[in-house]
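data-v7.txt, holding compact mmCIF, N, CA and C atoms:
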# COMPACT_ATOMS: atom_id res chain seq x y z
N MET A 23 -112.36 3.50 33.20
CA MET A 23 -112.35 3.51 31.74
C MET A 23 -111.21 2.61 31.28
N GLN A 24 -111.49 1.75 30.37
CA GLN A 24 -110.51 0.84 29.81
C GLN A 24 -109.54 1.61 28.90
N ASN A 25 -108.36 1.03 28.70
CA ASN A 25 -107.37 1.67 27.83
C ASN A 25 -107.92 1.91 26.44
N SER A 26 -108.66 0.95 25.90
CA SER A 26 -109.20 1.13 24.55
C SER A 26 -110.22 2.26 24.52
N GLU A 27 -110.99 2.43 25.58
CA GLU A 27 -111.95 3.53 25.64
C GLU A 27 -111.21 4.88 25.76
N ALA A 28 -110.14 4.87 26.54
CA ALA A 28 -109.36 6.09 26.68
C ALA A 28 -108.73 6.48 25.34
N MET A 29 -108.27 5.51 24.60
CA MET A 29 -107.70 5.79 23.27
C MET A 29 -108.78 6.29 22.32
N ALA A 30 -109.97 5.72 22.41
CA ALA A 30 -111.07 6.17 21.55
C ALA A 30 -111.44 7.62 21.88
N LEU A 31 -111.49 7.94 23.17
CA LEU A 31 -111.79 9.32 23.57
C LEU A 31 -110.68 10.26 23.09
N SER A 32 -109.43 9.85 23.26
CA SER A 32 -108.30 10.66 22.80
C SER A 32 -108.38 10.91 21.31
N ALA A 33 -108.66 9.86 20.56
CA ALA A 33 -108.76 10.00 19.10
C ALA A 33 -109.91 10.92 18.72
N ALA A 34 -111.03 10.81 19.40
CA ALA A 34 -112.19 11.66 19.09
C ALA A 34 -111.88 13.13 19.38
N LEU A 35 -111.23 13.41 20.52
CA LEU A 35 -110.89 14.79 20.85
C LEU A 35 -109.89 15.37 19.85
N LEU A 36 -108.89 14.57 19.50
CA LEU A 36 -107.90 15.04 18.53
C LEU A 36 -108.53 15.26 17.15
N ALA A 37 -109.42 14.36 16.76
CA ALA A 37 -110.10 14.51 15.47
C ALA A 37 -110.98 15.76 15.47
N ALA A 38 -111.69 15.99 16.57
CA ALA A 38 -112.55 17.19 16.66
C ALA A 38 -111.70 18.45 16.60
N ALA A 39 -110.56 18.46 17.31
CA ALA A 39 -109.68 19.63 17.30
C ALA A 39 -109.10 19.86 15.90
N GLY A 40 -108.70 18.78 15.25
CA GLY A 40 -108.16 18.90 13.90
C GLY A 40 -109.20 19.40 12.92
N GLU A 41 -110.40 18.86 13.02
CA GLU A 41 -111.50 19.30 12.15
C GLU A 41 -111.83 20.77 12.40
N LEU A 42 -111.89 21.16 13.66
CA LEU A 42 -112.18 22.55 14.00
C LEU A 42 -111.12 23.48 13.44
N THR A 43 -109.87 23.13 13.62
CA THR A 43 -108.76 23.95 13.10
C THR A 43 -108.87 24.08 11.58
N GLN A 44 -109.12 22.97 10.91
CA GLN A 44 -109.23 23.00 9.45
C GLN A 44 -110.42 23.83 9.00
N ARG A 45 -111.55 23.67 9.67
CA ARG A 45 -112.76 24.41 9.28
C ARG A 45 -112.60 25.91 9.53
N ILE A 46 -111.94 26.28 10.63
CA ILE A 46 -111.69 27.70 10.88
C ILE A 46 -110.80 28.26 9.78
N ASN A 47 -109.73 27.55 9.45
CA ASN A 47 -108.83 28.02 8.41
C ASN A 47 -109.55 28.13 7.06
N GLU A 48 -110.35 27.14 6.73
CA GLU A 48 -111.12 27.20 5.48
C GLU A 48 -112.08 28.39 5.48
N GLY A 49 -112.69 28.67 6.62
CA GLY A 49 -113.60 29.80 6.74
C GLY A 49 -112.89 31.13 6.56
N VAL A 50 -111.69 31.22 7.10
CA VAL A 50 -110.89 32.44 6.96
C VAL A 50 -110.52 32.65 5.49
N VAL A 51 -110.06 31.59 4.84
CA VAL A 51 -109.69 31.68 3.43
C VAL A 51 -110.92 32.02 2.58
N ALA A 52 -112.07 31.41 2.89
CA ALA A 52 -113.29 31.69 2.14
C ALA A 52 -113.73 33.14 2.30
N ARG A 53 -113.34 33.77 3.38
CA ARG A 53 -113.68 35.17 3.61
C ARG A 53 -112.67 36.12 2.96
N GLY A 54 -111.76 35.57 2.16
CA GLY A 54 -110.88 36.40 1.36
C GLY A 54 -109.49 36.65 1.92
N PHE A 55 -109.13 35.99 2.99
CA PHE A 55 -107.80 36.19 3.56
C PHE A 55 -106.86 35.17 2.94
N GLU A 56 -105.88 35.68 2.21
CA GLU A 56 -104.98 34.82 1.45
C GLU A 56 -103.69 34.55 2.21
N GLY A 57 -103.15 33.38 1.95
CA GLY A 57 -101.84 33.04 2.49
C GLY A 57 -101.82 32.75 3.97
N VAL A 58 -102.97 32.52 4.57
CA VAL A 58 -103.00 32.20 5.99
C VAL A 58 -103.07 30.69 6.17
N ARG A 59 -102.51 30.26 7.27
CA ARG A 59 -102.56 28.85 7.62
C ARG A 59 -102.79 28.76 9.12
N PRO A 60 -103.14 27.59 9.61
CA PRO A 60 -103.47 27.48 11.04
C PRO A 60 -102.39 28.01 11.97
N ALA A 61 -101.12 27.82 11.65
CA ALA A 61 -100.06 28.33 12.53
C ALA A 61 -100.17 29.84 12.71
N HIS A 62 -100.62 30.54 11.69
CA HIS A 62 -100.80 31.98 11.82
C HIS A 62 -101.90 32.28 12.83
N GLY A 63 -102.96 31.51 12.77
CA GLY A 63 -104.05 31.71 13.72
C GLY A 63 -103.61 31.51 15.15
N PHE A 64 -102.77 30.51 15.40
CA PHE A 64 -102.26 30.29 16.75
C PHE A 64 -101.40 31.47 17.19
N ALA A 65 -100.66 32.06 16.26
CA ALA A 65 -99.87 33.25 16.57
C ALA A 65 -100.79 34.44 16.84
N PHE A 66 -101.81 34.62 16.00
CA PHE A 66 -102.75 35.73 16.19
C PHE A 66 -103.41 35.65 17.56
N ALA A 67 -103.70 34.43 18.04
CA ALA A 67 -104.33 34.27 19.35
C ALA A 67 -103.46 34.87 20.44
N ARG A 68 -102.15 34.76 20.31
CA ARG A 68 -101.24 35.34 21.31
C ARG A 68 -101.07 36.83 21.10
N LEU A 69 -101.07 37.27 19.86
CA LEU A 69 -100.83 38.68 19.56
C LEU A 69 -102.06 39.55 19.79
N ALA A 70 -103.24 38.96 19.74
CA ALA A 70 -104.49 39.72 19.76
C ALA A 70 -104.62 40.67 20.95
N PRO A 71 -104.32 40.29 22.16
CA PRO A 71 -104.60 41.26 23.22
C PRO A 71 -103.77 42.55 23.09
N ASP A 72 -102.47 42.45 23.23
CA ASP A 72 -101.63 43.64 23.26
C ASP A 72 -100.33 43.49 22.49
N GLY A 73 -100.23 42.46 21.67
CA GLY A 73 -98.98 42.19 20.97
C GLY A 73 -98.05 41.36 21.83
N ALA A 74 -96.91 41.02 21.29
CA ALA A 74 -95.93 40.21 22.01
C ALA A 74 -94.58 40.36 21.32
N THR A 75 -93.54 40.03 22.04
CA THR A 75 -92.22 39.98 21.42
C THR A 75 -92.09 38.63 20.71
N VAL A 76 -91.09 38.51 19.87
CA VAL A 76 -90.84 37.24 19.19
C VAL A 76 -90.54 36.15 20.23
N THR A 77 -89.82 36.50 21.27
CA THR A 77 -89.50 35.53 22.32
C THR A 77 -90.77 35.03 23.00
N GLU A 78 -91.69 35.94 23.31
CA GLU A 78 -92.96 35.55 23.93
C GLU A 78 -93.80 34.70 22.98
N LEU A 79 -93.80 35.06 21.72
CA LEU A 79 -94.53 34.28 20.72
C LEU A 79 -93.94 32.89 20.58
N ALA A 80 -92.63 32.79 20.58
CA ALA A 80 -91.97 31.48 20.50
C ALA A 80 -92.38 30.59 21.66
N ALA A 81 -92.40 31.15 22.87
CA ALA A 81 -92.82 30.37 24.05
C ALA A 81 -94.27 29.93 23.91
N HIS A 82 -95.12 30.81 23.42
CA HIS A 82 -96.54 30.50 23.22
C HIS A 82 -96.74 29.35 22.23
N LEU A 83 -95.98 29.40 21.14
CA LEU A 83 -96.12 28.38 20.09
C LEU A 83 -95.32 27.12 20.38
N GLY A 84 -94.41 27.18 21.33
CA GLY A 84 -93.59 26.01 21.63
C GLY A 84 -92.56 25.75 20.55
N VAL A 85 -92.02 26.83 19.98
CA VAL A 85 -91.01 26.72 18.92
C VAL A 85 -89.79 27.55 19.32
N THR A 86 -88.74 27.43 18.54
CA THR A 86 -87.55 28.23 18.79
C THR A 86 -87.82 29.69 18.45
N LYS A 87 -86.98 30.55 18.98
CA LYS A 87 -87.07 31.97 18.66
C LYS A 87 -86.86 32.19 17.16
N GLN A 88 -85.97 31.40 16.57
CA GLN A 88 -85.72 31.52 15.12
C GLN A 88 -86.96 31.15 14.31
N ALA A 89 -87.64 30.08 14.71
CA ALA A 89 -88.86 29.68 13.99
C ALA A 89 -89.94 30.73 14.14
N ALA A 90 -90.09 31.27 15.34
CA ALA A 90 -91.09 32.33 15.55
C ALA A 90 -90.73 33.56 14.74
N SER A 91 -89.47 33.90 14.66
CA SER A 91 -89.02 35.05 13.88
C SER A 91 -89.35 34.86 12.40
N GLN A 92 -89.15 33.65 11.89
CA GLN A 92 -89.48 33.37 10.49
C GLN A 92 -90.98 33.49 10.25
N LEU A 93 -91.78 33.00 11.20
CA LEU A 93 -93.23 33.11 11.07
C LEU A 93 -93.64 34.58 11.09
N VAL A 94 -93.05 35.37 11.98
CA VAL A 94 -93.36 36.79 12.04
C VAL A 94 -92.97 37.48 10.74
N ASP A 95 -91.79 37.17 10.21
CA ASP A 95 -91.38 37.75 8.92
C ASP A 95 -92.43 37.47 7.85
N GLU A 96 -92.92 36.24 7.84
CA GLU A 96 -93.92 35.85 6.84
C GLU A 96 -95.21 36.64 6.99
N ILE A 97 -95.72 36.77 8.21
CA ILE A 97 -97.00 37.47 8.37
C ILE A 97 -96.84 38.99 8.32
N VAL A 98 -95.63 39.49 8.54
CA VAL A 98 -95.37 40.91 8.27
C VAL A 98 -95.47 41.15 6.77
N ARG A 99 -94.81 40.29 5.98
CA ARG A 99 -94.85 40.44 4.50
C ARG A 99 -96.29 40.39 3.98
N ARG A 100 -97.12 39.59 4.60
CA ARG A 100 -98.51 39.46 4.16
C ARG A 100 -99.41 40.57 4.70
N GLY A 101 -98.86 41.41 5.57
CA GLY A 101 -99.61 42.56 6.07
C GLY A 101 -100.48 42.30 7.28
N TYR A 102 -100.35 41.16 7.92
CA TYR A 102 -101.19 40.82 9.06
C TYR A 102 -100.68 41.38 10.38
N VAL A 103 -99.38 41.61 10.48
CA VAL A 103 -98.79 42.16 11.70
C VAL A 103 -97.72 43.18 11.33
N GLU A 104 -97.32 43.95 12.32
CA GLU A 104 -96.21 44.87 12.14
C GLU A 104 -95.37 44.88 13.42
N ARG A 105 -94.12 45.25 13.25
CA ARG A 105 -93.22 45.39 14.40
C ARG A 105 -93.21 46.86 14.82
N ARG A 106 -93.28 47.06 16.14
CA ARG A 106 -93.24 48.41 16.69
C ARG A 106 -92.21 48.45 17.82
N PRO A 107 -91.75 49.62 18.17
CA PRO A 107 -90.88 49.71 19.34
C PRO A 107 -91.65 49.22 20.57
N HIS A 108 -90.97 48.50 21.44
CA HIS A 108 -91.59 48.01 22.67
C HIS A 108 -91.67 49.17 23.66
N PRO A 109 -92.85 49.42 24.22
CA PRO A 109 -92.98 50.58 25.11
C PRO A 109 -92.17 50.45 26.41
N GLY A 110 -91.86 49.23 26.82
CA GLY A 110 -91.15 49.05 28.08
C GLY A 110 -89.73 48.56 27.97
N ASP A 111 -89.26 48.30 26.74
CA ASP A 111 -87.92 47.76 26.55
C ASP A 111 -87.37 48.27 25.23
N ALA A 112 -86.45 49.21 25.31
CA ALA A 112 -85.91 49.84 24.10
C ALA A 112 -85.18 48.85 23.20
N ARG A 113 -84.74 47.72 23.75
CA ARG A 113 -84.02 46.72 22.95
C ARG A 113 -84.97 45.80 22.19
N ALA A 114 -86.22 45.72 22.61
CA ALA A 114 -87.16 44.75 22.04
C ALA A 114 -88.11 45.42 21.05
N ARG A 115 -88.67 44.58 20.21
CA ARG A 115 -89.70 45.01 19.26
C ARG A 115 -90.99 44.28 19.63
N LEU A 116 -92.09 44.98 19.54
CA LEU A 116 -93.40 44.41 19.82
C LEU A 116 -94.07 44.06 18.49
N VAL A 117 -94.57 42.86 18.37
CA VAL A 117 -95.29 42.42 17.18
C VAL A 117 -96.78 42.58 17.47
N VAL A 118 -97.47 43.37 16.66
CA VAL A 118 -98.89 43.63 16.88
C VAL A 118 -99.67 43.38 15.59
N LEU A 119 -100.94 43.05 15.77
CA LEU A 119 -101.82 42.85 14.62
C LEU A 119 -102.09 44.19 13.94
N THR A 120 -102.14 44.17 12.62
CA THR A 120 -102.58 45.32 11.83
C THR A 120 -104.10 45.25 11.71
N GLU A 121 -104.68 46.21 11.05
CA GLU A 121 -106.14 46.15 10.80
C GLU A 121 -106.49 44.88 10.04
N LEU A 122 -105.64 44.51 9.07
CA LEU A 122 -105.87 43.27 8.32
C LEU A 122 -105.79 42.06 9.25
N GLY A 123 -104.84 42.07 10.18
CA GLY A 123 -104.73 40.98 11.14
C GLY A 123 -105.94 40.88 12.05
N TRP A 124 -106.43 42.03 12.50
CA TRP A 124 -107.65 42.03 13.33
C TRP A 124 -108.85 41.53 12.52
N ALA A 125 -108.95 41.94 11.26
CA ALA A 125 -110.06 41.48 10.42
C ALA A 125 -109.97 39.97 10.21
N CYS A 126 -108.77 39.45 10.03
CA CYS A 126 -108.58 38.01 9.88
C CYS A 126 -108.98 37.28 11.16
N THR A 127 -108.64 37.86 12.30
CA THR A 127 -109.00 37.27 13.59
C THR A 127 -110.52 37.24 13.75
N ARG A 128 -111.18 38.31 13.36
CA ARG A 128 -112.65 38.33 13.42
C ARG A 128 -113.25 37.28 12.47
N ALA A 129 -112.64 37.10 11.31
CA ALA A 129 -113.11 36.08 10.37
C ALA A 129 -112.96 34.69 10.98
N ALA A 130 -111.88 34.47 11.71
CA ALA A 130 -111.68 33.17 12.38
C ALA A 130 -112.74 32.96 13.44
N GLU A 131 -113.08 34.01 14.18
CA GLU A 131 -114.14 33.91 15.20
C GLU A 131 -115.48 33.56 14.55
N GLU A 132 -115.77 34.18 13.41
CA GLU A 132 -117.02 33.89 12.70
C GLU A 132 -117.04 32.43 12.22
N ALA A 133 -115.92 31.97 11.68
CA ALA A 133 -115.84 30.60 11.20
C ALA A 133 -116.00 29.61 12.36
N ALA A 134 -115.37 29.91 13.49
CA ALA A 134 -115.51 29.04 14.66
C ALA A 134 -116.96 29.00 15.12
N ALA A 135 -117.62 30.15 15.12
CA ALA A 135 -119.03 30.20 15.54
C ALA A 135 -119.90 29.37 14.63
N GLU A 136 -119.60 29.36 13.33
CA GLU A 136 -120.37 28.53 12.39
C GLU A 136 -120.24 27.05 12.75
N VAL A 137 -119.04 26.62 13.05
CA VAL A 137 -118.82 25.21 13.41
C VAL A 137 -119.57 24.88 14.69
N VAL A 138 -119.47 25.74 15.68
CA VAL A 138 -120.14 25.47 16.95
C VAL A 138 -121.66 25.47 16.77
N ARG A 139 -122.18 26.32 15.90
CA ARG A 139 -123.63 26.28 15.60
C ARG A 139 -124.01 24.93 15.03
N GLU A 140 -123.17 24.37 14.16
CA GLU A 140 -123.45 23.04 13.61
C GLU A 140 -123.45 21.99 14.72
N TRP A 141 -122.51 22.11 15.66
CA TRP A 141 -122.49 21.19 16.79
C TRP A 141 -123.77 21.32 17.61
N SER A 142 -124.25 22.57 17.77
CA SER A 142 -125.48 22.80 18.53
C SER A 142 -126.69 22.18 17.83
N GLU A 143 -126.70 22.26 16.51
CA GLU A 143 -127.79 21.63 15.76
C GLU A 143 -127.77 20.13 15.91
N LEU A 144 -126.58 19.56 15.97
CA LEU A 144 -126.42 18.12 16.09
C LEU A 144 -126.68 17.63 17.51
N LEU A 145 -126.11 18.31 18.49
CA LEU A 145 -126.16 17.84 19.88
C LEU A 145 -127.18 18.56 20.75
N GLY A 146 -127.58 19.74 20.33
CA GLY A 146 -128.42 20.60 21.15
C GLY A 146 -127.54 21.61 21.88
N GLU A 147 -128.09 22.80 22.08
CA GLU A 147 -127.30 23.87 22.68
C GLU A 147 -126.88 23.53 24.11
N GLY A 148 -127.76 22.88 24.87
CA GLY A 148 -127.42 22.51 26.25
C GLY A 148 -126.24 21.55 26.30
N GLU A 149 -126.20 20.60 25.39
CA GLU A 149 -125.09 19.65 25.35
C GLU A 149 -123.77 20.33 24.98
N VAL A 150 -123.85 21.28 24.06
CA VAL A 150 -122.63 21.99 23.66
C VAL A 150 -122.13 22.85 24.81
N ARG A 151 -123.05 23.51 25.53
CA ARG A 151 -122.64 24.29 26.70
C ARG A 151 -122.01 23.39 27.76
N ALA A 152 -122.61 22.21 27.97
CA ALA A 152 -122.05 21.26 28.94
C ALA A 152 -120.67 20.78 28.49
N LEU A 153 -120.53 20.51 27.20
CA LEU A 153 -119.24 20.10 26.65
C LEU A 153 -118.20 21.19 26.89
N CYS A 154 -118.57 22.43 26.63
CA CYS A 154 -117.67 23.55 26.85
C CYS A 154 -117.25 23.62 28.32
N ASP A 155 -118.20 23.46 29.21
CA ASP A 155 -117.89 23.50 30.64
C ASP A 155 -116.96 22.37 31.04
N ARG A 156 -117.23 21.17 30.58
CA ARG A 156 -116.41 20.02 30.95
C ARG A 156 -115.00 20.11 30.37
N LEU A 157 -114.91 20.51 29.11
CA LEU A 157 -113.59 20.66 28.51
C LEU A 157 -112.81 21.78 29.20
N GLY A 158 -113.51 22.84 29.60
CA GLY A 158 -112.87 23.93 30.31
C GLY A 158 -112.27 23.49 31.64
N ARG A 159 -112.86 22.47 32.25
CA ARG A 159 -112.34 21.97 33.52
C ARG A 159 -111.10 21.11 33.35
N ILE A 160 -110.96 20.48 32.19
CA ILE A 160 -109.80 19.59 32.01
C ILE A 160 -108.74 20.12 31.06
N ALA A 161 -109.11 21.07 30.21
CA ALA A 161 -108.16 21.60 29.22
C ALA A 161 -107.27 22.63 29.89
N PRO A 162 -106.00 22.64 29.54
CA PRO A 162 -105.10 23.66 30.11
C PRO A 162 -105.44 25.03 29.54
N TYR A 163 -105.22 26.03 30.34
CA TYR A 163 -105.48 27.40 29.89
C TYR A 163 -104.21 28.06 29.38
N GLY A 164 -103.21 27.26 29.09
CA GLY A 164 -101.94 27.78 28.62
C GLY A 164 -101.98 28.12 27.15
N PRO A 165 -100.82 28.19 26.56
CA PRO A 165 -100.74 28.60 25.15
C PRO A 165 -101.40 27.60 24.22
N LEU A 166 -101.93 28.15 23.13
CA LEU A 166 -102.47 27.33 22.06
C LEU A 166 -101.32 26.99 21.14
N ARG A 167 -101.01 25.72 21.03
CA ARG A 167 -99.86 25.34 20.21
C ARG A 167 -100.32 24.55 18.99
N PRO A 168 -99.83 24.94 17.83
CA PRO A 168 -100.20 24.20 16.62
C PRO A 168 -99.51 22.86 16.54
N ALA A 169 -100.15 21.96 15.86
CA ALA A 169 -99.51 20.68 15.54
C ALA A 169 -98.88 20.86 14.19
N TRP A 170 -97.57 21.02 14.12
CA TRP A 170 -96.87 21.27 12.88
C TRP A 170 -96.86 20.02 12.09

Now that the file is in, can you turn its structure into structure tokens?
Amino acid sequence: MQNSEAMALSAALLAAAGELTQRINEGVVARGFEGVRPAHGFAFARLAPDGATVTELAAHLGVTKQAASQLVDEIVRRGYVERRPHPGDARARLVVLTELGWACTRAAEEAAAEVVREWSELLGEGEVRALCDRLGRIAPYGPLRPAW
């Protein structure tokens, strides 16, 4: 693959990721969730299983502990998460999704599914499944980090 082709592929992947992020956020807002932005969604992705400490969230987002703490303060004020005592560390606090946070996460899943359905209509379901498989082989399975 020539350098120009590699750049074209890079640009297409970045554009698709940016469009997907924007469309998911728009879908969440359209479903009535106010004050959310893509960075919150990236945080929710880490918090969804069992919660996380601010330090763990900072590592996931690739930001400082102070930046993660500010983000947590913001989404606590909006009612999407709450701080709880950490079950395994009396010095730490666990940040977990509230019912509102879980509902917002489900809204994001619905919005993502809508976008992928549109891709299936355009490319065909088999092509989208193949795309998912191929991207899964090359994409890292590490943290989802927002582009600030």

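Closest approach to Thr127 in chain A among A:Ala33, A:Ala152, A:Ala67, A:Glu143 is made by A:Ala67 (distances from all atoms listed in the file).
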
Residue set, range 40-117 of chain A restricted to strand (DSSP E or B), as number ranges by chain: A: 74, 103-108, 111-117

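For the pair CA of Val118 in chain A and atom C of Pro162 in chain A, the interatomic distance is 23.4 Å.
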
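For the choices A:Val51, A:Leu42, A:Asn25, A:Gly84, the atom-to-atom distance to Ala134 in chain A is smallest for A:Leu42 when using only N, CA and C atoms.
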
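The spacing separating CA of Ala130 in chain A from CA of Val50 in chain A amounts to 5.5 Å.
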
Best match for closeness to Ile46 in chain A among A:Arg128, A:His108, A:Arg68, A:Arg100, counting only C-alpha atoms: A:Arg128

Out of A:Val76, A:Ser142, A:Glu131, A:Pro60, which residue has the shortest atom-to-atom distance to Asp95 in chain A when counting only C-alpha atoms? A:Val76

Name the closest residue to Ala74 in chain A among the candidates A:Leu116, A:Ala37, A:Cys154, A:Ile97; distances are taken between atoms, counting all atoms listed in the file. A:Leu116

Range 43-86 of chain A: which residues are alpha helix (DSSP H) by DSSP, as a PyMOL selection string? chain A and resi 43-52+60-69+76-83

Leaving out Ala90 in chain A and any residue of its chain fewer than 4 positions from it, which residues lie within 7 Å of it when counting all atoms listed in the file, given as a PyMOL selection string? chain A and resi 76+79-80+85-86+94-95

Between atom C of Gln24 in chain A and atom N of Leu36 in chain A, what is the distance, to one decimal in Å? 16.0 Å

Arg113 in chain A proximity check over A:Arg139, A:Leu69, A:Leu93, A:Thr75, using only C-alpha atoms: winner is A:Thr75
